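**Q** Pasting data.txt below, which is compact mmCIF, C-alpha atoms.
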```txt
# COMPACT_ATOMS: atom_id res chain seq x y z
CA MET A 1 16.30 5.79 -26.92
CA ILE A 2 14.60 3.26 -29.20
CA VAL A 3 14.86 -0.43 -28.37
CA LEU A 4 13.60 -3.35 -30.44
CA MET A 5 11.80 -6.11 -28.58
CA ARG A 6 9.90 -9.26 -29.38
CA ALA A 7 6.30 -9.08 -28.18
CA ARG A 8 6.55 -12.56 -26.65
CA GLU A 9 9.40 -11.39 -24.43
CA ILE A 10 7.11 -8.79 -22.87
CA MET A 11 4.44 -11.35 -21.91
CA LYS A 12 4.65 -12.43 -18.27
CA ARG A 13 6.96 -9.52 -17.47
CA PRO A 14 6.10 -8.12 -14.02
CA VAL A 15 4.49 -4.70 -13.63
CA VAL A 16 6.40 -2.97 -10.83
CA THR A 17 5.73 0.38 -9.13
CA LEU A 18 8.53 2.87 -8.50
CA ALA A 19 8.01 1.97 -4.83
CA GLY A 20 9.21 -1.55 -5.70
CA GLU A 21 5.96 -3.52 -5.44
CA ASP A 22 4.94 -5.97 -8.16
CA ILE A 23 1.24 -5.39 -8.81
CA ALA A 24 0.57 -7.47 -11.94
CA GLU A 25 2.15 -9.13 -14.93
CA ILE A 26 1.65 -8.56 -18.65
CA LYS A 27 -0.91 -10.90 -20.19
CA ASP A 28 -1.21 -9.55 -23.70
CA ILE A 29 -0.66 -6.50 -25.85
CA ILE A 30 -3.54 -4.24 -26.97
CA TYR A 31 -2.82 -2.82 -30.42
CA ALA A 32 -4.42 0.17 -32.11
CA GLY A 33 -4.30 2.03 -35.40
CA GLU A 34 -3.01 1.11 -38.84
CA ALA A 35 0.60 1.36 -37.78
CA GLY A 36 0.11 -1.25 -35.09
CA GLU A 37 0.76 1.10 -32.23
CA VAL A 38 0.76 -0.42 -28.74
CA ALA A 39 -2.23 1.04 -26.89
CA GLY A 40 -1.66 -0.85 -23.66
CA PHE A 41 -1.50 -4.20 -21.96
CA THR A 42 -3.99 -6.60 -20.45
CA LEU A 43 -2.85 -7.99 -17.12
CA ASN A 44 -2.72 -11.11 -15.03
CA GLY A 45 -2.37 -11.12 -11.28
CA ARG A 46 0.93 -12.18 -9.74
CA GLY A 47 1.41 -15.66 -8.38
CA LEU A 48 0.59 -19.19 -9.48
CA LEU A 49 -3.14 -19.03 -8.83
CA ALA A 50 -3.76 -15.52 -10.08
CA GLY A 51 -5.95 -15.09 -13.14
CA PRO A 52 -6.69 -12.21 -15.52
CA LEU A 53 -7.31 -8.81 -13.93
CA LYS A 54 -10.23 -6.49 -14.67
CA THR A 55 -7.75 -3.66 -14.98
CA ALA A 56 -5.38 -2.89 -17.85
CA LEU A 57 -2.30 -0.74 -18.27
CA PRO A 58 -2.64 2.03 -20.89
CA TRP A 59 0.59 2.78 -22.79
CA SER A 60 0.49 6.41 -21.62
CA ALA A 61 0.96 5.18 -18.05
CA VAL A 62 4.06 3.08 -18.77
CA HIS A 63 6.99 4.76 -17.03
CA GLY A 64 9.59 2.35 -18.38
CA LEU A 65 9.51 -0.83 -20.45
CA GLY A 66 12.77 -2.61 -19.81
CA ARG A 67 14.34 -6.02 -20.27
CA ASP A 68 13.10 -7.25 -16.90
CA ALA A 69 10.04 -5.27 -15.85
CA VAL A 70 7.37 -2.80 -16.88
CA MET A 71 7.60 0.16 -14.52
CA VAL A 72 4.66 2.34 -13.45
CA THR A 73 4.47 5.23 -11.00
CA GLY A 74 1.83 3.49 -8.89
CA GLU A 75 -1.11 1.15 -8.83
CA ASP A 76 -3.49 4.07 -9.46
CA VAL A 77 -2.46 4.30 -13.15
CA LEU A 78 -4.26 1.06 -14.01
CA GLU A 79 -7.61 1.56 -15.76
CA GLU A 80 -10.68 -0.55 -16.42
CA ARG A 81 -9.71 -3.08 -19.06
CA THR A 82 -12.84 -2.42 -21.12
CA ALA A 83 -12.03 1.30 -21.28
CA VAL A 84 -8.52 0.72 -22.61
CA VAL A 85 -9.71 -1.88 -25.13
CA GLU A 86 -12.56 0.35 -26.38
CA ARG A 87 -10.29 3.31 -26.95
CA SER A 88 -8.19 1.17 -29.27
CA ALA A 89 -11.22 -0.39 -30.96
CA ARG A 90 -10.06 0.54 -34.46
CA SER A 91 -7.54 -2.19 -34.28
CA GLY A 92 -5.07 -2.58 -37.10
CA ALA A 93 -1.87 -4.36 -37.90
CA GLY A 94 -0.87 -5.78 -34.56
CA GLY A 95 -3.55 -7.93 -33.05
CA ASP A 96 -3.99 -11.56 -33.68
CA VAL A 97 -1.44 -12.14 -36.37
CA LEU A 98 0.42 -15.05 -34.80
CA GLY A 99 0.01 -18.04 -37.08
CA SER A 100 -0.99 -15.91 -40.11
CA ARG A 101 0.93 -16.20 -43.38
CA VAL A 102 2.92 -13.34 -44.83
CA LEU A 103 2.34 -12.81 -48.57
CA THR A 104 4.13 -10.35 -50.80
CA ASP A 105 2.05 -8.18 -53.14
CA SER A 106 3.66 -10.18 -55.95
CA GLY A 107 2.10 -13.33 -54.55
CA THR A 108 4.94 -15.14 -52.77
CA ASP A 109 4.33 -16.82 -49.40
CA LEU A 110 7.22 -15.82 -47.13
CA GLY A 111 6.25 -17.87 -44.07
CA GLU A 112 4.23 -17.97 -40.89
CA ILE A 113 4.28 -15.24 -38.24
CA VAL A 114 5.68 -16.49 -34.93
CA ASP A 115 6.35 -13.19 -33.14
CA VAL A 116 5.83 -9.44 -33.41
CA ILE A 117 8.77 -7.02 -33.33
CA LEU A 118 8.14 -3.76 -31.50
CA SER A 119 10.11 -0.55 -31.58
CA VAL A 120 9.89 0.84 -28.05
CA GLY A 121 10.63 4.45 -27.19
CA GLU A 122 8.22 7.27 -26.36
CA ARG A 123 5.73 5.18 -28.32
CA ALA A 124 5.73 1.50 -29.09
CA ASP A 125 5.00 0.44 -32.67
CA VAL A 126 4.96 -2.79 -34.60
CA VAL A 127 7.90 -2.56 -37.05
CA GLY A 128 8.20 -6.16 -38.17
CA TYR A 129 7.41 -9.80 -37.72
CA GLU A 130 9.45 -12.83 -36.92
CA ILE A 131 8.48 -15.58 -39.37
CA ASP A 132 9.23 -19.24 -39.85
CA SER A 133 10.53 -18.65 -43.34
CA SER A 134 9.22 -20.52 -46.37
CA GLU A 135 11.51 -21.96 -49.05
CA ALA A 136 10.95 -18.86 -51.13
CA LEU A 137 13.22 -16.88 -48.82
CA GLY A 138 16.10 -19.35 -49.21
CA LYS A 139 16.90 -19.30 -45.50
CA ASP A 140 16.58 -23.09 -44.98
CA GLY A 141 13.33 -22.59 -43.07
CA ARG A 142 15.05 -20.60 -40.33
CA LYS A 143 13.32 -17.90 -38.34
CA VAL A 144 13.95 -14.50 -39.85
CA LEU A 145 12.75 -10.95 -39.25
CA ILE A 146 10.83 -9.10 -41.93
CA PRO A 147 10.28 -5.33 -41.81
CA LEU A 148 6.85 -3.76 -42.27
CA PRO A 149 5.77 -0.57 -44.00
CA ASP A 150 4.34 2.25 -41.86
CA ALA A 151 0.82 1.06 -42.61
CA LEU A 152 -0.32 -2.21 -44.05
CA SER A 153 -3.35 -4.30 -44.77
CA VAL A 154 -4.12 -7.37 -42.71
CA SER A 155 -6.91 -9.88 -42.80
CA GLY A 156 -7.43 -12.76 -40.44
CA GLU A 157 -5.96 -14.94 -43.16
CA ALA A 158 -2.86 -13.20 -44.36
CA LEU A 159 -0.82 -10.12 -44.21
CA MET A 160 0.43 -8.48 -47.35
CA VAL A 161 3.80 -6.77 -47.62
CA PRO A 162 5.49 -5.06 -50.57
CA ALA A 163 7.75 -7.49 -52.44
CA ALA A 164 10.78 -5.29 -51.65
CA ALA A 165 10.54 -6.38 -47.99
CA VAL A 166 12.39 -9.57 -49.00
CA GLU A 167 15.56 -7.55 -49.60
CA PHE A 168 15.53 -6.25 -46.02
CA VAL A 169 15.11 -9.52 -44.13
CA THR A 170 17.56 -10.01 -41.24
CA ASP A 171 18.45 -13.00 -39.07
CA ASP A 172 18.30 -11.27 -35.68
CA LEU A 173 17.42 -8.02 -33.93
CA SER A 174 20.87 -6.47 -34.35
CA GLY A 175 20.69 -4.56 -37.59
CA PHE A 176 16.94 -4.98 -37.89
CA GLY A 177 16.25 -1.37 -36.88
CA ALA A 178 18.44 -0.16 -39.76
CA ALA A 179 16.70 -2.62 -42.11
CA VAL A 180 13.28 -1.22 -41.16
CA ASP A 181 14.46 2.34 -41.78
CA ALA A 182 16.06 1.42 -45.13
CA PHE A 183 12.96 -0.50 -46.24
CA ARG A 184 10.62 2.36 -45.39
CA ALA A 185 12.90 4.87 -47.11
CA ARG A 186 12.80 2.68 -50.25
CA LEU A 187 8.99 2.58 -50.12
CA ARG A 188 8.80 6.36 -49.90
CA GLU A 189 11.09 6.64 -52.94
CA THR A 190 9.04 4.26 -55.04
CA GLU A 191 5.79 5.91 -54.00
CA GLY A 192 7.25 9.16 -55.26
CA SER A 193 8.12 7.69 -58.69
CA ALA A 194 4.89 5.72 -59.07
CA SER A 195 2.67 8.77 -58.77
CA PRO A 196 4.59 11.67 -60.26
CA ALA A 197 3.22 15.16 -59.89
CA PRO A 198 1.03 16.07 -62.85
CA ARG A 199 2.84 18.29 -65.27
CA GLY A 200 2.18 20.04 -68.53
CA THR A 201 -1.56 19.98 -68.09
CA ALA A 202 -1.98 23.70 -68.23
CA MET B 1 30.38 1.56 6.85
CA ARG B 2 28.60 -1.42 5.30
CA PHE B 3 25.53 -3.33 6.47
CA SER B 4 27.63 -6.52 6.47
CA GLU B 5 30.06 -4.98 8.99
CA ALA B 6 27.38 -3.32 11.09
CA ASP B 7 25.07 -6.32 11.32
CA GLY B 8 25.36 -7.99 14.73
CA ARG B 9 27.22 -5.02 16.22
CA LYS B 10 26.57 -4.59 19.93
CA VAL B 11 24.40 -1.77 21.18
CA VAL B 12 25.83 -0.31 24.40
CA SER B 13 24.12 1.93 26.96
CA THR B 14 26.16 5.05 27.75
CA SER B 15 24.65 5.21 31.24
CA THR B 16 25.57 1.67 32.31
CA ALA B 17 28.30 0.75 29.81
CA THR B 18 26.63 -2.61 29.25
CA THR B 19 25.56 -4.29 26.03
CA ILE B 20 21.77 -4.12 25.91
CA ALA B 21 21.09 -5.33 22.34
CA LYS B 22 22.61 -6.28 19.00
CA VAL B 23 21.92 -4.83 15.55
CA ALA B 24 19.73 -7.17 13.50
CA GLY B 25 18.50 -5.08 10.59
CA PHE B 26 18.15 -1.71 8.91
CA ALA B 27 15.16 0.33 7.80
CA VAL B 28 15.96 2.47 4.76
CA ASP B 29 13.59 5.28 3.82
CA PRO B 30 13.73 5.57 0.01
CA SER B 31 12.35 9.12 0.02
CA THR B 32 15.34 10.45 1.97
CA GLN B 33 17.84 7.63 1.19
CA GLN B 34 18.56 7.40 4.92
CA VAL B 35 18.80 4.60 7.46
CA VAL B 36 15.93 5.71 9.69
CA ALA B 37 15.86 2.88 12.24
CA LEU B 38 17.68 -0.25 13.38
CA HIS B 39 16.04 -3.55 14.11
CA LEU B 40 17.45 -5.10 17.31
CA LYS B 41 17.84 -8.56 18.77
CA LYS B 42 18.71 -9.74 22.29
CA THR B 43 16.86 -6.86 23.92
CA HIS B 44 15.19 -7.22 27.31
CA GLY B 45 11.53 -6.71 26.62
CA ASP B 46 9.45 -6.28 23.49
CA ALA B 47 10.85 -3.00 22.22
CA ASP B 48 13.10 -4.12 19.37
CA THR B 49 13.61 -0.96 17.36
CA VAL B 50 15.74 2.13 17.78
CA LEU B 51 15.24 5.19 15.61
CA TRP B 52 18.39 6.62 14.04
CA SER B 53 17.58 9.94 15.72
CA ALA B 54 17.75 8.25 19.14
CA LEU B 55 21.31 6.97 18.67
CA THR B 56 24.18 8.60 20.52
CA ALA B 57 26.64 7.32 17.94
CA PHE B 58 27.13 4.59 15.35
CA GLY B 59 30.69 3.74 16.29
CA VAL B 60 33.32 1.48 14.80
CA ASP B 61 33.03 -1.06 17.60
CA ALA B 62 29.65 -0.35 19.11
CA VAL B 63 26.42 1.52 18.60
CA THR B 64 25.79 3.71 21.64
CA VAL B 65 22.44 4.80 23.04
CA PRO B 66 21.55 6.66 26.27
CA GLY B 67 19.85 3.53 27.65
CA PRO B 68 17.15 0.95 27.02
CA ASP B 69 14.54 3.74 27.07
CA ALA B 70 15.73 4.58 23.56
CA PHE B 71 14.16 1.31 22.34
CA VAL B 72 10.64 1.41 20.96
CA LEU B 73 8.13 -0.78 19.18
CA ALA B 74 8.23 0.06 15.50
CA GLU B 75 5.12 1.88 14.31
CA GLY B 76 3.62 3.01 11.02
CA GLU B 77 5.99 3.63 8.14
CA THR B 78 9.02 2.52 10.18
CA ALA B 79 7.41 -0.83 10.92
CA VAL B 80 6.74 -1.35 7.23
CA LEU B 81 10.31 -0.45 6.28
CA LEU B 82 11.67 -2.76 8.96
CA ASP B 83 9.66 -5.86 8.08
CA LYS B 84 11.57 -8.56 6.28
CA HIS B 85 9.81 -7.87 2.96
CA HIS B 86 11.40 -4.44 2.79
CA SER B 87 14.98 -5.35 3.54
CA VAL B 88 17.28 -3.79 0.94
CA LYS B 89 19.95 -6.44 1.17
CA GLY B 90 19.27 -9.43 -1.05
CA LYS B 91 16.67 -7.59 -3.12
CA ARG B 92 16.81 -7.24 -6.90
CA VAL B 93 17.60 -3.76 -8.19
CA LEU B 94 15.40 -2.43 -11.01
CA THR B 95 16.01 0.83 -12.83
CA GLU B 96 12.98 3.03 -13.41
CA GLY B 97 13.40 1.97 -17.05
CA GLY B 98 12.71 -1.63 -16.09
CA ASP B 99 16.19 -3.19 -16.30
CA ASP B 100 17.52 -5.55 -13.61
CA LEU B 101 20.94 -4.60 -12.21
CA GLY B 102 21.35 -7.66 -9.98
CA LYS B 103 20.76 -8.31 -6.30
CA VAL B 104 21.91 -6.00 -3.53
CA GLU B 105 24.80 -7.79 -1.85
CA ASP B 106 25.69 -4.99 0.52
CA VAL B 107 24.84 -1.39 1.36
CA GLU B 108 27.30 1.32 2.32
CA PHE B 109 26.13 4.13 4.58
CA ASP B 110 27.55 7.16 6.34
CA ALA B 111 27.83 6.27 10.04
CA GLU B 112 27.61 9.97 10.96
CA THR B 113 24.39 10.80 9.17
CA GLY B 114 22.78 7.48 8.25
CA SER B 115 22.77 8.44 4.55
CA VAL B 116 22.90 5.48 2.20
CA THR B 117 25.90 6.11 -0.04
CA LEU B 118 26.12 2.96 -2.19
CA LEU B 119 24.07 -0.06 -3.18
CA ILE B 120 26.48 -2.83 -4.09
CA THR B 121 25.52 -5.63 -6.51
CA LYS B 122 27.74 -8.29 -8.06
CA THR B 123 28.29 -6.16 -11.15
CA ALA B 124 27.60 -2.58 -10.10
CA GLU B 125 27.94 0.07 -7.43
CA ILE B 126 24.93 2.35 -7.47
CA ALA B 127 24.92 5.78 -5.81
CA GLY B 128 22.59 5.83 -2.80
CA LYS B 129 20.94 9.04 -3.92
CA ARG B 130 19.49 7.21 -6.95
CA LEU B 131 17.32 5.12 -4.62
CA THR B 132 13.64 5.84 -5.14
CA GLY B 133 11.75 2.77 -3.92
CA VAL B 134 12.19 -0.10 -1.50
CA GLY B 135 9.39 -2.60 -2.04
CA SER B 136 8.68 -6.24 -1.45
CA TYR B 137 9.59 -7.09 -5.06
CA ALA B 138 12.48 -4.79 -5.83
CA VAL B 139 14.63 -1.84 -4.94
CA VAL B 140 14.05 0.83 -7.61
CA VAL B 141 16.74 3.31 -8.67
CA ARG B 142 16.62 6.37 -10.90
CA ARG B 143 18.55 6.51 -14.14
CA ALA B 144 22.22 7.34 -13.64
```
Could you spell out this file's structure in structure tokens?
**A**
Amino acid sequence: MIVLMRAREIMKRPVVTLAGEDIAEIKDIIYAGEAGEVAGFTLNGRGLLAGPLKTALPWSAVHGLGRDAVMVTGEDVLEERTAVVERSARSGAGGDVLGSRVLTDSGTDLGEIVDVILSVGERADVVGYEIDSSEALGKDGRKVLIPLPDALSVSGEALMVPAAAVEFVTDDLSGFGAAVDAFRARLRETEGSASPAPRGTA
Amino acid sequence: MRFSEADGRKVVSTSTATTIAKVAGFAVDPSTQQVVALHLKKTHGDADTVLWSALTAFGVDAVTVPGPDAFVLAEGETAVLLDKHHSVKGKRVLTEGGDDLGKVEDVEFDAETGSVTLLITKTAEIAGKRLTGVGSYAVVVRRA
């Protein structure tokens, strides 16, 4: 089953073993790859005075990521934080995008990224962003969700999306999954027509 | 029978027919989904635990035991399960998928065998055999 979640909702969520002990809480998400796949989580200790832990939780060791907790089989699945971070060193779309602007490839500023939308199932991928919309979107500056292509280019400054993304903007998570699918299907269609197979060259 | 009914029930010696303790708590082993021991109060002496296997019967009006010799000091795993951090009642229920199902308000068990049959929350009744963990933070249950 695939569930859409906001990345911010996952922060601070407790990490609980199947034996029912809370061993940590989520500090931040470690992203990897061009598709913005979730590679794992950095951790804080539990309790008011607890700080960052030297261990991290690799995605492969997540037993369940639910509304209220991140479940693991036991404390032994945690790994050295540096090891998990290094494995995902070729970091892509996810990362530090909060506060960046979203630009279309036709040059329109759509707004500022305030949250990351993840599709969580067997894997967890970045499928969209929540943005404080600019006037260009005609949403009265409300927060909206914008779908992302499978792979995209990001700089520290801005993130570029195909102009067609504007047609698939939604106001909340319900219906956003369908919007992402429809948007990506459209991109595959247009890719097909933009680079037709060579013919008649023989 | 439910924990709420069984809590405070008198523990009677079959050899003297006198009340020698009262039920004060339950140790549930998540690996077998069984009540494995009872915590006792108002005992004479330090031994404040009776293993389920040492009970003569868990009756409607009284728990019967052969005598005060059945009482022991909790050790090892039983002691851990009996401490107040591992009480099932009052604990939040998490599924292994990480969703909260509410707090355990009561537990139903089979008085013959000690098997936990139901975990009862405000909004749900969860089959006892789904129980997989009883920790200090949560009770964990398998997917339905």
**Q** Please find the residues of chain A near chain B - the criterion being any atom within 6 Å, counting only C-alpha atoms - and write them as a PDB file with C-alpha atoms, in the frame of the given file.
**A**
```
ATOM      1  CA  LEU A  18       8.530   2.870  -8.500  1.00  0.00           C
ATOM      2  CA  ALA A  19       8.010   1.970  -4.830  1.00  0.00           C
ATOM      3  CA  GLY A  20       9.210  -1.550  -5.700  1.00  0.00           C
ATOM      4  CA  GLU A  21       5.960  -3.520  -5.440  1.00  0.00           C
ATOM      5  CA  ASP A  22       4.940  -5.970  -8.160  1.00  0.00           C
ATOM      6  CA  GLY A  64       9.590   2.350 -18.380  1.00  0.00           C
ATOM      7  CA  LEU A  65       9.510  -0.830 -20.450  1.00  0.00           C
ATOM      8  CA  GLY A  66      12.770  -2.610 -19.810  1.00  0.00           C
ATOM      9  CA  ARG A  67      14.340  -6.020 -20.270  1.00  0.00           C
ATOM     10  CA  ASP A  68      13.100  -7.250 -16.900  1.00  0.00           C
ATOM     11  CA  ALA A  69      10.040  -5.270 -15.850  1.00  0.00           C
ATOM     12  CA  VAL A  70       7.370  -2.800 -16.880  1.00  0.00           C
ATOM     13  CA  MET A  71       7.600   0.160 -14.520  1.00  0.00           C
TER      14      MET A  71
END
```
**Q** Given the point (4.8, -4.4, 15.1) in the coordinates of this file, which residues lie within 12 Å, counting all atoms listed in the file, and how would they look as a VMD selection string?
**A** chain B and resid 39 46 to 49 72 to 84
**Q** Padding 4 Å on each side, edges along x, y and z: where is the centre of the box around the listed atoms of stretch 54-65 of chain B, and how long are its edges in Å to one decimal? Output it as AutoDock Vina command-line options.
**A**
```
--center_x 25.5 --center_y 3.8 --center_z 18.9 --size_x 23.6 --size_y 17.7 --size_z 16.2
```
**Q** Would you please work out which residue, of A:Lys12, A:Lys139, A:Arg186, A:Arg123, is nearest to A:Ala164 when using only C-alpha atoms?
**A**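 Among A:Lys12, A:Lys139, A:Arg186, A:Arg123, it is A:Arg186 that comes nearest to A:Ala164.
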**Q** Rounded to one decimal, what separation in Å do you get between atom CA of B:Phe109 and atom CA of B:Ser53?
**A**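 If I compute the distance from atom CA of B:Phe109 to atom CA of B:Ser53, I get 15.2 Å.
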**Q** In Å, how far is it from atom CA of A:Tyr129 to atom CA of A:Glu191?
**A** 22.7 Å
**Q** Using only C-alpha atoms, which residues sit within 7 Å of B:Leu118 once same-chain residues fewer than 4 positions away are excluded, as a list of chain:residue names?
**A** B:Val107, B:Glu108, B:Phe109, B:Glu125, B:Ile126, B:Ala127, B:Gly128
**Q** Which is closest to B:Asp69 among B:Ser15, B:Lys10, B:Val35, B:Lys122, if we use only C-alpha atoms?
**A** B:Ser15
**Q** With only C-alpha atoms as the basis for distance, which of B:Ala144, B:Ala111, B:Ile120, B:Ile20 is at the shortest distance from B:Gln34?
**A** B:Ala111
**Q** In Å, rounded to a single decimal, give me how far atom CA of A:Lys54 is from atom CA of A:Ala24.
**A** 11.2 Å
**Q** May I have the residues at most 10 Å from (8.0, 0.4, -52.3) in the file's coordinates, counting all atoms listed in the file, as a JSON list (two decimals) with C-alpha atoms, keeping the file's coordinate frame?
**A**
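This is the output file out_13.json:
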```
[["chain", "number", "residue", "atom", "x", "y", "z"],
["A", 149, "PRO", "CA", 5.77, -0.57, -44.00],
["A", 161, "VAL", "CA", 3.80, -6.77, -47.62],
["A", 162, "PRO", "CA", 5.49, -5.06, -50.57],
["A", 163, "ALA", "CA", 7.75, -7.49, -52.44],
["A", 164, "ALA", "CA", 10.78, -5.29, -51.65],
["A", 165, "ALA", "CA", 10.54, -6.38, -47.99],
["A", 183, "PHE", "CA", 12.96, -0.50, -46.24],
["A", 184, "ARG", "CA", 10.62, 2.36, -45.39],
["A", 185, "ALA", "CA", 12.90, 4.87, -47.11],
["A", 186, "ARG", "CA", 12.80, 2.68, -50.25],
["A", 187, "LEU", "CA", 8.99, 2.58, -50.12],
["A", 188, "ARG", "CA", 8.80, 6.36, -49.90],
["A", 189, "GLU", "CA", 11.09, 6.64, -52.94],
["A", 190, "THR", "CA", 9.04, 4.26, -55.04],
["A", 191, "GLU", "CA", 5.79, 5.91, -54.00],
["A", 192, "GLY", "CA", 7.25, 9.16, -55.26],
["A", 193, "SER", "CA", 8.12, 7.69, -58.69],
["A", 194, "ALA", "CA", 4.89, 5.72, -59.07]]
```
**Q** Of the candidates B:Arg130, B:His44, B:Asp29, B:Val65, which shows the shortest atom-to-atom distance to B:Val12, using only C-alpha atoms?
**A**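 Closest to B:Val12 of all the choices is B:Val65.
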**Q** Got a sec: who's within 6 Å of B:Ala21, counting only C-alpha atoms, leaving out chain neighbours fewer than 5 positions off, as number ranges by chain?
**A** B: 11, 41-43
**Q** If we count all atoms listed in the file, what is near A:Arg87 at a cut-off of 12 Å, once residues fewer than 6 positions away on the same chain are taken out, given as a PyMOL selection string?
**A** chain A and resi 30-33+38-40+58-59+79-81
**Q** For C-alpha atoms, I'd like the residues from the last selection saved as a CSV table (one decimal), in the coordinates of the input.
**A**
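selection.csv written:
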```csv
chain,number,residue,atom,x,y,z
A,30,ILE,CA,-3.5,-4.2,-27.0
A,31,TYR,CA,-2.8,-2.8,-30.4
A,32,ALA,CA,-4.4,0.2,-32.1
A,33,GLY,CA,-4.3,2.0,-35.4
A,38,VAL,CA,0.8,-0.4,-28.7
A,39,ALA,CA,-2.2,1.0,-26.9
A,40,GLY,CA,-1.7,-0.8,-23.7
A,58,PRO,CA,-2.6,2.0,-20.9
A,59,TRP,CA,0.6,2.8,-22.8
A,79,GLU,CA,-7.6,1.6,-15.8
A,80,GLU,CA,-10.7,-0.6,-16.4
A,81,ARG,CA,-9.7,-3.1,-19.1
```
**Q** Residues near A:Thr73, anyone? I mean within 9 Å using only C-alpha atoms, not counting same-chain ones fewer than 4 positions away, as a PyMOL selection string.
**A** chain A and resi 16-19+61-63+77
**Q** Residues near A:Ser174, anyone? I mean within 12 Å using only C-alpha atoms, not counting same-chain ones fewer than 3 positions away, as JSON, numbers by chain.
**A** {"A": [3, 4, 5, 144, 145, 169, 170, 171, 177, 178, 179, 180]}
